[in-house]
Structure formats: structure tokens, C-alpha cells
Amino acid sequence: MSIGRAPSSCGGGGGGANLRGPSCQSCGILIMRADEFGRDKTGVIRTEYCRYCYDRGVFTEPDLTVEQMIENLAKTIMTSRRNMTIEDAREKAKEQITGLRRWTAK
Ligand SMILES: [Zn+2]
């Protein structure tokens, strides 16, 4: 497997919907390395989740709510985008999280 994508964080140019590479369907982070994928009980890689969210066949935080996940992501966005307000970060996080499979599937 090859994920031929260098982590480039070119700033300016504005946001917009950019679909890049595999991203975790729980927290939305980009998964850049094979060892960052989650695994099921038998150790088989699950490409839809990262290992921080999903490990050995279960979610690491099964009781986490979508609101908490949005808040977590908003804080992460804040740390990398210093000129962004928490409201903007929450808005962006919400957009990203609510479309993910973990939160849309019942
Ligand atoms: Zn994740």
C-alpha cells in the first residue's frame, strides 16, 4: 500500500472542501501512515478509522458524543490556525465531523 502524499500545509489560498487521502470516519484526521489505521479484534487493518479512535475491534471512547468530538477537533484546529476564533473552529469542526460514518450511521 502506498499513500503517496507529502504532508504539505501550505497556508494561504483559503479553505474549501478538499477531499484528500484516507481520513478517519470518527475524528476526521488524515491517516498518513499504515500504522495509524485502526484494527479489528484479529489485528486486521480497518481503513475507515484511525487507531486513536478504533482499536481491537472497539472504539477507544465508545461513549464519546458527536458534540464532544466536534469540541475536540475545534481545539485541534485552534492550535494550528491561530488566527481563527473558537466559533469558526467549531463551525469547521462540525462540518467535518457530522459527515463522518461513525456519526451518520446508527
Ligand atoms: Zn480517528
# chains A, B, ... in the order shown; residues from 1 in each chain; ligands from 1
$ residues_around --residues "Ala105 (chain A)" --least-positions-apart "4" --cutoff "12 Å" --atoms "only C-alpha atoms" --output "ChimeraX atom specification"
/A:25-26,98-101
$ write_last_selection --atoms "C-alpha atoms" --output "compact mmCIF listing (two decimals), in the first residue's frame"
# COMPACT_ATOMS: atom_id res chain seq x y z
CA GLN A 25 -14.51 8.28 9.84
CA SER A 26 -14.72 9.07 13.52
CA THR A 98 -21.11 15.40 11.06
CA GLY A 99 -20.50 13.88 7.65
CA LEU A 100 -18.38 11.05 9.00
CA ARG A 101 -19.63 7.49 9.00
$ residues_around --residues "Leu30 (chain A)" --least-positions-apart "6" --cutoff "8 Å" --atoms "only C-alpha atoms" --output "ChimeraX atom specification"
/A:20-24
$ select_by_dssp --residues "region 29-98 of chain A" --states "strand (DSSP E)" --output "VMD selection string"
chain A and resid 37 to 39 45 to 50 54 to 55 58 to 59
$ write_last_selection --atoms "C-alpha atoms" --output "mmCIF file, in the first residue's frame"
data_model
loop_
_atom_site.group_PDB
_atom_site.id
_atom_site.type_symbol
_atom_site.label_atom_id
_atom_site.label_comp_id
_atom_site.auth_asym_id
_atom_site.auth_seq_id
_atom_site.Cartn_x
_atom_site.Cartn_y
_atom_site.Cartn_z
ATOM 1 C CA PHE A 37 -5.146 2.795 10.910
ATOM 2 C CA GLY A 38 -7.382 1.129 13.456
ATOM 3 C CA ARG A 39 -7.556 -2.637 13.707
ATOM 4 C CA ILE A 45 -6.476 -3.071 9.483
ATOM 5 C CA ARG A 46 -9.698 -1.086 9.278
ATOM 6 C CA THR A 47 -9.006 1.704 6.865
ATOM 7 C CA GLU A 48 -12.040 3.761 7.859
ATOM 8 C CA TYR A 49 -10.769 4.567 11.346
ATOM 9 C CA CYS A 50 -7.560 5.702 12.949
ATOM 10 C CA TYR A 54 -10.686 2.416 16.989
ATOM 11 C CA ASP A 55 -8.536 -0.367 18.350
ATOM 12 C CA VAL A 58 -13.892 -1.358 19.511
ATOM 13 C CA PHE A 59 -13.975 2.393 19.719
#
$ select_by_dssp --residues "region 5-99 of chain A" --states "alpha helix (DSSP H)" --output "PDB file with C-alpha atoms, in the first residue's frame"
ATOM      1  CA  VAL A  66     -20.635  13.902  18.433  1.00  0.00           C
ATOM      2  CA  GLU A  67     -20.634  17.208  20.335  1.00  0.00           C
ATOM      3  CA  GLN A  68     -17.548  16.170  22.300  1.00  0.00           C
ATOM      4  CA  MET A  69     -15.819  15.078  19.135  1.00  0.00           C
ATOM      5  CA  ILE A  70     -16.578  18.428  17.497  1.00  0.00           C
ATOM      6  CA  GLU A  71     -15.210  20.241  20.532  1.00  0.00           C
ATOM      7  CA  ASN A  72     -12.026  18.146  20.479  1.00  0.00           C
ATOM      8  CA  LEU A  73     -11.492  18.808  16.800  1.00  0.00           C
ATOM      9  CA  ALA A  74     -12.230  22.516  17.209  1.00  0.00           C
ATOM     10  CA  LYS A  75      -9.442  22.730  19.784  1.00  0.00           C
ATOM     11  CA  THR A  76      -7.094  20.904  17.446  1.00  0.00           C
ATOM     12  CA  ILE A  77      -7.940  23.312  14.644  1.00  0.00           C
ATOM     13  CA  MET A  78      -7.342  26.234  17.000  1.00  0.00           C
ATOM     14  CA  THR A  79      -3.825  25.102  17.741  1.00  0.00           C
ATOM     15  CA  SER A  80      -2.863  25.039  14.078  1.00  0.00           C
ATOM     16  CA  ILE A  86     -13.219  29.227  18.550  1.00  0.00           C
ATOM     17  CA  GLU A  87     -16.602  29.850  16.916  1.00  0.00           C
ATOM     18  CA  ASP A  88     -15.102  29.478  13.457  1.00  0.00           C
ATOM     19  CA  ALA A  89     -13.166  26.427  14.540  1.00  0.00           C
ATOM     20  CA  ARG A  90     -16.335  24.825  15.947  1.00  0.00           C
ATOM     21  CA  GLU A  91     -18.186  25.587  12.736  1.00  0.00           C
ATOM     22  CA  LYS A  92     -15.445  23.981  10.680  1.00  0.00           C
ATOM     23  CA  ALA A  93     -15.188  21.005  13.013  1.00  0.00           C
ATOM     24  CA  LYS A  94     -18.934  20.484  12.875  1.00  0.00           C
ATOM     25  CA  GLU A  95     -18.869  20.426   9.085  1.00  0.00           C
ATOM     26  CA  GLN A  96     -16.110  17.867   9.121  1.00  0.00           C
ATOM     27  CA  ILE A  97     -17.426  15.598  11.863  1.00  0.00           C
ATOM     28  CA  THR A  98     -21.115  15.404  11.059  1.00  0.00           C
TER      29      THR A  98
END
$ closest_residue --among "A:Thr85, A:Thr42, A:Arg33, A:Arg102" --to "ligand 1" --atoms "only C-alpha atoms and all ligand atoms"
A:Arg102
$ closest_residue --among "A:Tyr52, A:Trp103, A:Val44, A:Thr65" --to "ligand 1" --atoms "only C-alpha atoms and all ligand atoms"
A:Tyr52
$ decode --residues "region 4-98 of chain A" --atoms "C-alpha atoms" --output "PDB file, in the first residue's frame"
ATOM      1  CA  GLY A   4       1.878   8.956  -1.929  1.00  0.00           C
ATOM      2  CA  ARG A   5       1.184  12.221  -0.304  1.00  0.00           C
ATOM      3  CA  ALA A   6       3.574  14.505   1.457  1.00  0.00           C
ATOM      4  CA  PRO A   7       2.193  16.382   4.410  1.00  0.00           C
ATOM      5  CA  SER A   8       2.090  19.852   2.981  1.00  0.00           C
ATOM      6  CA  SER A   9       0.480  22.584   4.977  1.00  0.00           C
ATOM      7  CA  CYS A  10       0.532  25.444   2.567  1.00  0.00           C
ATOM      8  CA  GLY A  11      -1.294  28.234   4.284  1.00  0.00           C
ATOM      9  CA  GLY A  12      -2.956  30.913   2.177  1.00  0.00           C
ATOM     10  CA  GLY A  13      -5.476  30.337  -0.511  1.00  0.00           C
ATOM     11  CA  GLY A  14      -8.469  29.856   1.702  1.00  0.00           C
ATOM     12  CA  GLY A  15     -10.207  26.670   2.684  1.00  0.00           C
ATOM     13  CA  GLY A  16     -12.964  24.989   0.772  1.00  0.00           C
ATOM     14  CA  ALA A  17     -13.875  21.344   0.661  1.00  0.00           C
ATOM     15  CA  ASN A  18     -10.787  19.372  -0.061  1.00  0.00           C
ATOM     16  CA  LEU A  19     -11.005  15.636  -0.099  1.00  0.00           C
ATOM     17  CA  ARG A  20      -7.549  14.261   0.393  1.00  0.00           C
ATOM     18  CA  GLY A  21      -6.373  10.825   1.231  1.00  0.00           C
ATOM     19  CA  PRO A  22      -7.983   8.483   3.705  1.00  0.00           C
ATOM     20  CA  SER A  23      -9.361  10.150   6.786  1.00  0.00           C
ATOM     21  CA  CYS A  24     -10.733   8.667   9.955  1.00  0.00           C
ATOM     22  CA  GLN A  25     -14.515   8.279   9.836  1.00  0.00           C
ATOM     23  CA  SER A  26     -14.716   9.067  13.523  1.00  0.00           C
ATOM     24  CA  CYS A  27     -12.461  12.048  14.206  1.00  0.00           C
ATOM     25  CA  GLY A  28     -11.699  13.211  10.669  1.00  0.00           C
ATOM     26  CA  ILE A  29      -7.907  13.252  10.898  1.00  0.00           C
ATOM     27  CA  LEU A  30      -5.939  12.367   7.822  1.00  0.00           C
ATOM     28  CA  ILE A  31      -4.293   8.998   8.110  1.00  0.00           C
ATOM     29  CA  MET A  32      -0.854   9.285   6.609  1.00  0.00           C
ATOM     30  CA  ARG A  33       0.752   6.034   7.672  1.00  0.00           C
ATOM     31  CA  ALA A  34      -0.403   2.444   7.605  1.00  0.00           C
ATOM     32  CA  ASP A  35       0.271   2.026  11.310  1.00  0.00           C
ATOM     33  CA  GLU A  36      -2.169   4.803  12.102  1.00  0.00           C
ATOM     34  CA  PHE A  37      -5.146   2.795  10.910  1.00  0.00           C
ATOM     35  CA  GLY A  38      -7.382   1.129  13.456  1.00  0.00           C
ATOM     36  CA  ARG A  39      -7.556  -2.637  13.707  1.00  0.00           C
ATOM     37  CA  ASP A  40     -10.234  -5.152  14.428  1.00  0.00           C
ATOM     38  CA  LYS A  41     -10.092  -7.915  17.042  1.00  0.00           C
ATOM     39  CA  THR A  42      -7.955 -10.114  14.848  1.00  0.00           C
ATOM     40  CA  GLY A  43      -5.487  -7.368  14.033  1.00  0.00           C
ATOM     41  CA  VAL A  44      -6.752  -6.701  10.543  1.00  0.00           C
ATOM     42  CA  ILE A  45      -6.476  -3.071   9.483  1.00  0.00           C
ATOM     43  CA  ARG A  46      -9.698  -1.086   9.278  1.00  0.00           C
ATOM     44  CA  THR A  47      -9.006   1.704   6.865  1.00  0.00           C
ATOM     45  CA  GLU A  48     -12.040   3.761   7.859  1.00  0.00           C
ATOM     46  CA  TYR A  49     -10.769   4.567  11.346  1.00  0.00           C
ATOM     47  CA  CYS A  50      -7.560   5.702  12.949  1.00  0.00           C
ATOM     48  CA  ARG A  51      -6.033   3.783  15.794  1.00  0.00           C
ATOM     49  CA  TYR A  52      -6.712   6.554  18.269  1.00  0.00           C
ATOM     50  CA  CYS A  53     -10.436   6.095  17.739  1.00  0.00           C
ATOM     51  CA  TYR A  54     -10.686   2.416  16.989  1.00  0.00           C
ATOM     52  CA  ASP A  55      -8.536  -0.367  18.350  1.00  0.00           C
ATOM     53  CA  ARG A  56      -9.002  -4.138  18.584  1.00  0.00           C
ATOM     54  CA  GLY A  57     -12.497  -4.037  17.222  1.00  0.00           C
ATOM     55  CA  VAL A  58     -13.892  -1.358  19.511  1.00  0.00           C
ATOM     56  CA  PHE A  59     -13.975   2.393  19.719  1.00  0.00           C
ATOM     57  CA  THR A  60     -11.487   3.588  22.283  1.00  0.00           C
ATOM     58  CA  GLU A  61     -14.077   6.049  23.582  1.00  0.00           C
ATOM     59  CA  PRO A  62     -17.403   4.370  22.937  1.00  0.00           C
ATOM     60  CA  ASP A  63     -19.378   6.912  24.955  1.00  0.00           C
ATOM     61  CA  LEU A  64     -17.990   9.924  23.160  1.00  0.00           C
ATOM     62  CA  THR A  65     -20.754  12.086  21.724  1.00  0.00           C
ATOM     63  CA  VAL A  66     -20.635  13.902  18.433  1.00  0.00           C
ATOM     64  CA  GLU A  67     -20.634  17.208  20.335  1.00  0.00           C
ATOM     65  CA  GLN A  68     -17.548  16.170  22.300  1.00  0.00           C
ATOM     66  CA  MET A  69     -15.819  15.078  19.135  1.00  0.00           C
ATOM     67  CA  ILE A  70     -16.578  18.428  17.497  1.00  0.00           C
ATOM     68  CA  GLU A  71     -15.210  20.241  20.532  1.00  0.00           C
ATOM     69  CA  ASN A  72     -12.026  18.146  20.479  1.00  0.00           C
ATOM     70  CA  LEU A  73     -11.492  18.808  16.800  1.00  0.00           C
ATOM     71  CA  ALA A  74     -12.230  22.516  17.209  1.00  0.00           C
ATOM     72  CA  LYS A  75      -9.442  22.730  19.784  1.00  0.00           C
ATOM     73  CA  THR A  76      -7.094  20.904  17.446  1.00  0.00           C
ATOM     74  CA  ILE A  77      -7.940  23.312  14.644  1.00  0.00           C
ATOM     75  CA  MET A  78      -7.342  26.234  17.000  1.00  0.00           C
ATOM     76  CA  THR A  79      -3.825  25.102  17.741  1.00  0.00           C
ATOM     77  CA  SER A  80      -2.863  25.039  14.078  1.00  0.00           C
ATOM     78  CA  ARG A  81      -4.835  28.049  12.908  1.00  0.00           C
ATOM     79  CA  ARG A  82      -4.030  30.782  15.361  1.00  0.00           C
ATOM     80  CA  ASN A  83      -5.990  33.474  13.578  1.00  0.00           C
ATOM     81  CA  MET A  84      -9.208  31.515  13.853  1.00  0.00           C
ATOM     82  CA  THR A  85     -11.811  32.131  16.536  1.00  0.00           C
ATOM     83  CA  ILE A  86     -13.219  29.227  18.550  1.00  0.00           C
ATOM     84  CA  GLU A  87     -16.602  29.850  16.916  1.00  0.00           C
ATOM     85  CA  ASP A  88     -15.102  29.478  13.457  1.00  0.00           C
ATOM     86  CA  ALA A  89     -13.166  26.427  14.540  1.00  0.00           C
ATOM     87  CA  ARG A  90     -16.335  24.825  15.947  1.00  0.00           C
ATOM     88  CA  GLU A  91     -18.186  25.587  12.736  1.00  0.00           C
ATOM     89  CA  LYS A  92     -15.445  23.981  10.680  1.00  0.00           C
ATOM     90  CA  ALA A  93     -15.188  21.005  13.013  1.00  0.00           C
ATOM     91  CA  LYS A  94     -18.934  20.484  12.875  1.00  0.00           C
ATOM     92  CA  GLU A  95     -18.869  20.426   9.085  1.00  0.00           C
ATOM     93  CA  GLN A  96     -16.110  17.867   9.121  1.00  0.00           C
ATOM     94  CA  ILE A  97     -17.426  15.598  11.863  1.00  0.00           C
ATOM     95  CA  THR A  98     -21.115  15.404  11.059  1.00  0.00           C
TER      96      THR A  98
END
